[in-house]
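Student: Next up is a structure, given as structure tokens.
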Amino acid sequence: MHRAVMVPVAAAMLLLAACGGGGADTTAGTRPSQADQGQAAKKIALFLPESKTTRYEAFDRPLFEAKVKALCATCEILYSNADQDAAKQQQQVEAAMTQGANVLVLDAVDAAAVAPLVNQAKQKQIPVIAYDRLISGIDYAYYVSFNNVRVGEMQGQALLDALDAKGTTAKGEIVMIHGSPTDPSSADYKKGAKSVLDGKVKVGREFDTPDWSPDKAQQEMEQAITALGRDRIVGVLSANDGMAGGAIAAMKRAGYASLPPITGQDAELAAIQRILTGEQHMTIYLDIRAEAEKSAELAVALANGQTPQAPTKVNNGAADIPAFLLDPIPVTADKVKDTIVKDRFYTVEQICTAEVKAACEKNGIQ
């Protein structure tokens, strides 16, 4: 979910215009698909890892599908969600290849274990785009994501600033709730956060949370409260909003009179409301529209035999992968209006329910 990192309007118009005719093969949509020329329709397969995190079904999938259809009306989209099951995702990918998929866009459940799947695709000459999570151990066409280390840096700095403002930086300990150990992005978020916080705050408890599960995050926070004592915890570094919600539930259950600062990511609607009412300190707004649409553009280009140039490369341990990395945006209560609302990520009506109305008015959201 992001912010003003949207694909420039002029570039998008150029892409759409190019879909209807000839032109230089420099980006997606610069010539009609083979399907539009009377040949077999191209099949583009999109694989998402889970549905517990709101973004995948609410944003990634519909945005990706809409962009593909805008660029290639006759392209067929093969969609699968693995529900956080790596074996299930393997079956889904193999089924899509059997069905004749021309391009695979893969957000891996276990990004460190899918190299054999990518190798199968390579043998069938099916290009692969690693979506959101970097696949390691093998070469492939593209990687589209965000600057994940920067995400962690922003979370860490926001938490540190909040602790400094409250004067509690050296008066207690923080709890760090990281994401799934099978998601390489989690390691990047952790790396970024620690680069800011190490040596400046004391970490009382630290967890790697399977499946990014809010329920498991709640259990982890309960363990931390039991081990450290309620009054010793001065802040929580949560890698995303879902887990922040779980941690907040644990703290409420433990009887906190006021909640310590807690971070998040994904700009989930419930998190934006918590930020406005003061229960959550901040979130990271990721421009999922830009991520999904760029991936769709690349998928259509690859299906048409084109290879757009990427602005950078990321080493995955086996190769330098052509990459498109988008910038994250930190959002606190005073930034909601100029980011989430301005970009129409959510409407005022969606955000400002009866329970949040006063907080919306306080922050100029009406």
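Ligands are numbered from 1 in the order shown, residues from 1 within each chain, and chains are lettered A, B, ... in the order they appear in the structure tokens.
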Pull the strand (DSSP E) assignments for region 184-261 of chain A out of DSSP run on the backbone, and list those residues as a PDB file with C-alpha atoms, in the first residue's frame.

Tutor:
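selection31.pdb written:
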```
ATOM      1  CA  LYS A 202      17.081  -2.629  25.506  1.00  0.00           C
ATOM      2  CA  VAL A 203      15.248  -5.511  23.852  1.00  0.00           C
ATOM      3  CA  GLY A 204      13.401  -7.519  26.487  1.00  0.00           C
ATOM      4  CA  ARG A 205      11.846 -10.149  24.224  1.00  0.00           C
ATOM      5  CA  GLU A 206      12.084 -10.870  20.503  1.00  0.00           C
ATOM      6  CA  PHE A 207       9.973 -13.213  18.362  1.00  0.00           C
ATOM      7  CA  ASP A 208       9.856 -14.523  14.799  1.00  0.00           C
ATOM      8  CA  ILE A 233       7.600  -2.680  28.453  1.00  0.00           C
ATOM      9  CA  VAL A 234       7.953   0.814  26.988  1.00  0.00           C
ATOM     10  CA  GLY A 235       7.451   0.046  23.285  1.00  0.00           C
ATOM     11  CA  VAL A 236       6.697  -2.644  20.702  1.00  0.00           C
ATOM     12  CA  LEU A 237       8.330  -3.042  17.306  1.00  0.00           C
ATOM     13  CA  SER A 238       5.737  -4.959  15.269  1.00  0.00           C
TER      14      SER A 238
END
```

Student: Could you build a table of the residues in region 106-204 of chain A lying no more than 9 Å from region 82-102 of chain A, giving for each the nearest pair of atoms and their separation in Å rounded to one decimal place, using only C-alpha atoms, ordered by chain and ascending residue number, as a Markdown table?

Tutor:
```
| residue | atom | partner | partner_atom | distance |
| --- | --- | --- | --- | --- |
| A:Leu106 | CA | A:Val93 | CA | 8.5 |
| A:Ala108 | CA | A:Ala86 | CA | 7.8 |
| A:Val109 | CA | A:Ala86 | CA | 5.4 |
| A:Asp110 | CA | A:Ala86 | CA | 6.2 |
| A:Ala113 | CA | A:Ala86 | CA | 8.6 |
| A:Val114 | CA | A:Gln90 | CA | 7.9 |
| A:Leu117 | CA | A:Gln90 | CA | 7.2 |
| A:Gln120 | CA | A:Glu94 | CA | 8.5 |
| A:Ala121 | CA | A:Met97 | CA | 7.4 |
| A:Lys124 | CA | A:Met97 | CA | 8.4 |
| A:Gln125 | CA | A:Asn102 | CA | 8.4 |
| A:Ile126 | CA | A:Asn102 | CA | 5.6 |
| A:Pro127 | CA | A:Asn102 | CA | 7.3 |
```

Student: I'd like the neighbourhood of Leu159 (chain A) as a list in words, where a residue qualifies if any of its atoms comes within 10 Å (using only C-alpha atoms), though same-chain residues fewer than 3 positions away should be ignored.

Tutor: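 So the residues in contact are Glu153, Met154, Gln155, Gly156, Ala162, Leu163, Asp164, Ala165, Thr169, Ile174, Ala193, Val196, Leu197, Val234, Gly235, Val236, Leu237, Ser238, Pro260, Pro261, Ile262, Thr263, His281 and Met282 of chain A.
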
Student: Hey, what does DSSP flag as helix (DSSP H, G or I) within region 151-314 of chain A? Can you give it to me as number ranges by chain?

Tutor: A: 151-166, 184-197, 210-212, 214-228, 230-232, 241-253, 269-277, 288-303

Student: Can you work out the spacing between CA of Asp287 (chain A) and CA of Pro328 (chain A) in Å, to one decimal?

Tutor: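 Calculated distance between CA of Asp287 (chain A) and CA of Pro328 (chain A) is 7.3 Å.
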
Student: What is the distance, in Å and to one decimal place, between CA of Pro214 (chain A) and CA of Ala249 (chain A)?

Tutor: 9.5 Å

Student: Find the nearest atom pair between each residue of region 56-117 of chain A and region 264-280 of chain A for residues within 12 Å, count only C-alpha atoms, give distances in Å to one decimal, sort rows by chain and ascending number, and present the table as a Markdown table.

Tutor:
```
| residue | atom | partner | partner_atom | distance |
| --- | --- | --- | --- | --- |
| A:Tyr56 | CA | A:Asp266 | CA | 10.4 |
| A:Ala58 | CA | A:Glu268 | CA | 10.2 |
| A:Phe59 | CA | A:Glu268 | CA | 10.7 |
| A:Asp60 | CA | A:Asp266 | CA | 11.7 |
```

Student: Include N, CA, C and O atoms and write out the residues we just selected as a compact mmCIF listing (two decimals), in the first residue's frame.

Tutor:
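Output contents, as saved in result_34.txt:
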```txt
# COMPACT_ATOMS: atom_id res chain seq x y z
N TYR A 56 -3.69 -8.81 0.45
CA TYR A 56 -3.56 -9.69 -0.71
C TYR A 56 -4.85 -9.83 -1.50
O TYR A 56 -4.87 -9.67 -2.73
N ALA A 58 -7.70 -7.98 -0.91
CA ALA A 58 -8.38 -6.70 -1.05
C ALA A 58 -7.69 -5.76 -2.03
O ALA A 58 -8.35 -4.91 -2.64
N PHE A 59 -6.37 -5.90 -2.20
CA PHE A 59 -5.64 -4.96 -3.03
C PHE A 59 -4.79 -5.63 -4.11
O PHE A 59 -4.97 -5.36 -5.29
N ASP A 60 -3.84 -6.48 -3.70
CA ASP A 60 -2.89 -7.03 -4.68
C ASP A 60 -3.61 -7.72 -5.84
O ASP A 60 -3.33 -7.42 -7.02
```

Student: Would you pick out the contacts of Ala187 (chain A) at 9 Å or less, using only C-alpha atoms, so that residues sharing its chain but fewer than 6 positions from it are not included, and give the list as a PyMOL selection string?

Tutor: chain A and resi 148-149+178-181

Student: Which residues of region 68-177 of chain A come within 12 Å of region 298-301 of chain A, and for each one, what is the closest pair of atoms and their distance in Å to one decimal, counting only C-alpha atoms, sorted by chain and residue number, as a tab-separated table?

Tutor:
```
residue	atom	partner	partner_atom	distance
A:Val68	CA	A:Val300	CA	6.7
A:Lys69	CA	A:Val300	CA	9.5
A:Ala70	CA	A:Val300	CA	10.3
A:Leu71	CA	A:Val300	CA	7.2
A:Cys72	CA	A:Val300	CA	7.1
A:Ala73	CA	A:Val300	CA	10.6
A:Thr74	CA	A:Val300	CA	11.0
A:Cys75	CA	A:Val300	CA	8.4
A:Glu76	CA	A:Val300	CA	10.7
A:Ile77	CA	A:Ala299	CA	10.6
A:Ala101	CA	A:Ala299	CA	11.1
A:Asn102	CA	A:Ala299	CA	8.9
A:Val103	CA	A:Ala299	CA	6.2
A:Leu104	CA	A:Ala299	CA	7.8
A:Val105	CA	A:Ala299	CA	7.3
A:Leu106	CA	A:Ala299	CA	11.0
A:Ile126	CA	A:Ala299	CA	10.9
A:Pro127	CA	A:Ala299	CA	8.6
A:Val128	CA	A:Ala299	CA	8.6
A:Ile129	CA	A:Ala299	CA	7.5
A:Ala130	CA	A:Ala299	CA	10.9
A:Tyr131	CA	A:Ala299	CA	10.9
A:Ala141	CA	A:Leu298	CA	9.4
A:Tyr142	CA	A:Leu298	CA	8.2
A:Tyr143	CA	A:Leu298	CA	10.1
A:Val144	CA	A:Leu298	CA	9.5
```

Student: When you look at region 322-326 of chain A with a cut-off of 10 Å (counting only C-alpha atoms), what residues show up, excluding the ones that are within fewer than 2 positions of it in the same chain? I need them as a PyMOL selection string.

Tutor: chain A and resi 2-3+5-6+129-130+132+134+139-148+286-288+290-291+294-295+308-315+319-320+328-329

Student: Go through A:Cys360, A:Leu78, A:Ile177, A:Cys352 one by one, measure the shortest atom-to-atom distance of each to Ala239 (chain A) using only C-alpha atoms, and give the residue with the smallest value.

Tutor: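 Closest residue, counting only C-alpha atoms: A:Ile177.
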
Student: Tell me, as a list of chain:residue names, which residues lie within 9 Å of Val336 (chain A), counting only C-alpha atoms; anything in the same chain fewer than 2 positions away does not count.

Tutor: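 Using only C-alpha atoms, the neighbours found are A:Ile272, A:Ile275, A:Leu276, A:Val331, A:Thr332, A:Ala333, A:Asp334, A:Asp338, A:Thr339, A:Ile340, A:Val341, A:Lys342, A:Asn363, A:Ile365.
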
Student: Export, as a short mmCIF file (atom, residue, chain, number, x, y, z; two decimals), in the first residue's frame, the selected residues with N, CA, C and O atoms.

Tutor:
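The new file part-v6.cif reads:
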```
data_model
loop_
_atom_site.label_atom_id
_atom_site.label_comp_id
_atom_site.auth_asym_id
_atom_site.auth_seq_id
_atom_site.Cartn_x
_atom_site.Cartn_y
_atom_site.Cartn_z
N ILE A 272 -5.18 2.05 10.63
CA ILE A 272 -5.34 3.50 10.45
C ILE A 272 -6.28 4.04 11.52
O ILE A 272 -6.03 5.11 12.11
N ILE A 275 -4.43 4.13 14.79
CA ILE A 275 -3.47 5.23 14.81
C ILE A 275 -4.16 6.55 15.14
O ILE A 275 -3.68 7.36 15.94
N LEU A 276 -5.32 6.77 14.54
CA LEU A 276 -6.05 8.01 14.79
C LEU A 276 -6.54 8.09 16.23
O LEU A 276 -6.55 9.18 16.83
N VAL A 331 3.55 6.51 8.27
CA VAL A 331 2.32 7.27 8.50
C VAL A 331 1.97 7.27 9.99
O VAL A 331 1.76 6.21 10.58
N THR A 332 1.94 8.46 10.57
CA THR A 332 1.43 8.66 11.92
C THR A 332 0.09 9.40 11.79
O THR A 332 -0.35 9.71 10.67
N ALA A 333 -0.55 9.68 12.90
CA ALA A 333 -1.90 10.25 12.85
C ALA A 333 -1.95 11.55 12.04
O ALA A 333 -2.91 11.79 11.29
N ASP A 334 -0.92 12.37 12.16
CA ASP A 334 -0.91 13.66 11.46
C ASP A 334 -0.63 13.52 9.97
O ASP A 334 -0.73 14.52 9.23
N ASP A 338 -2.88 13.35 4.41
CA ASP A 338 -2.08 13.66 3.23
C ASP A 338 -1.53 12.43 2.52
O ASP A 338 -0.83 12.56 1.52
N THR A 339 -1.81 11.24 3.04
CA THR A 339 -1.35 10.01 2.39
C THR A 339 -2.53 9.08 2.10
O THR A 339 -2.97 8.98 0.96
N ILE A 340 -3.06 8.47 3.10
CA ILE A 340 -4.11 7.47 2.93
C ILE A 340 -5.36 8.08 2.30
O ILE A 340 -5.93 7.52 1.35
N VAL A 341 -5.79 9.22 2.83
CA VAL A 341 -7.00 9.86 2.31
C VAL A 341 -6.74 10.51 0.96
O VAL A 341 -7.53 10.36 0.02
N LYS A 342 -5.63 11.20 0.83
CA LYS A 342 -5.30 11.89 -0.42
C LYS A 342 -5.19 10.90 -1.58
O LYS A 342 -5.65 11.18 -2.70
N ASN A 363 -7.84 15.39 13.54
CA ASN A 363 -6.74 15.36 12.57
C ASN A 363 -7.15 15.91 11.21
O ASN A 363 -6.46 15.68 10.22
N ILE A 365 -9.71 15.27 9.26
CA ILE A 365 -10.28 14.33 8.29
C ILE A 365 -11.79 14.36 8.46
O ILE A 365 -12.33 13.85 9.44
#
```

Student: Rounded to one decimal, what separation in Å do you get between CA of Ser136 (chain A) and CA of Lys122 (chain A)?

Tutor: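 About the pair CA of Ser136 (chain A) and CA of Lys122 (chain A): they are 14.6 Å apart.
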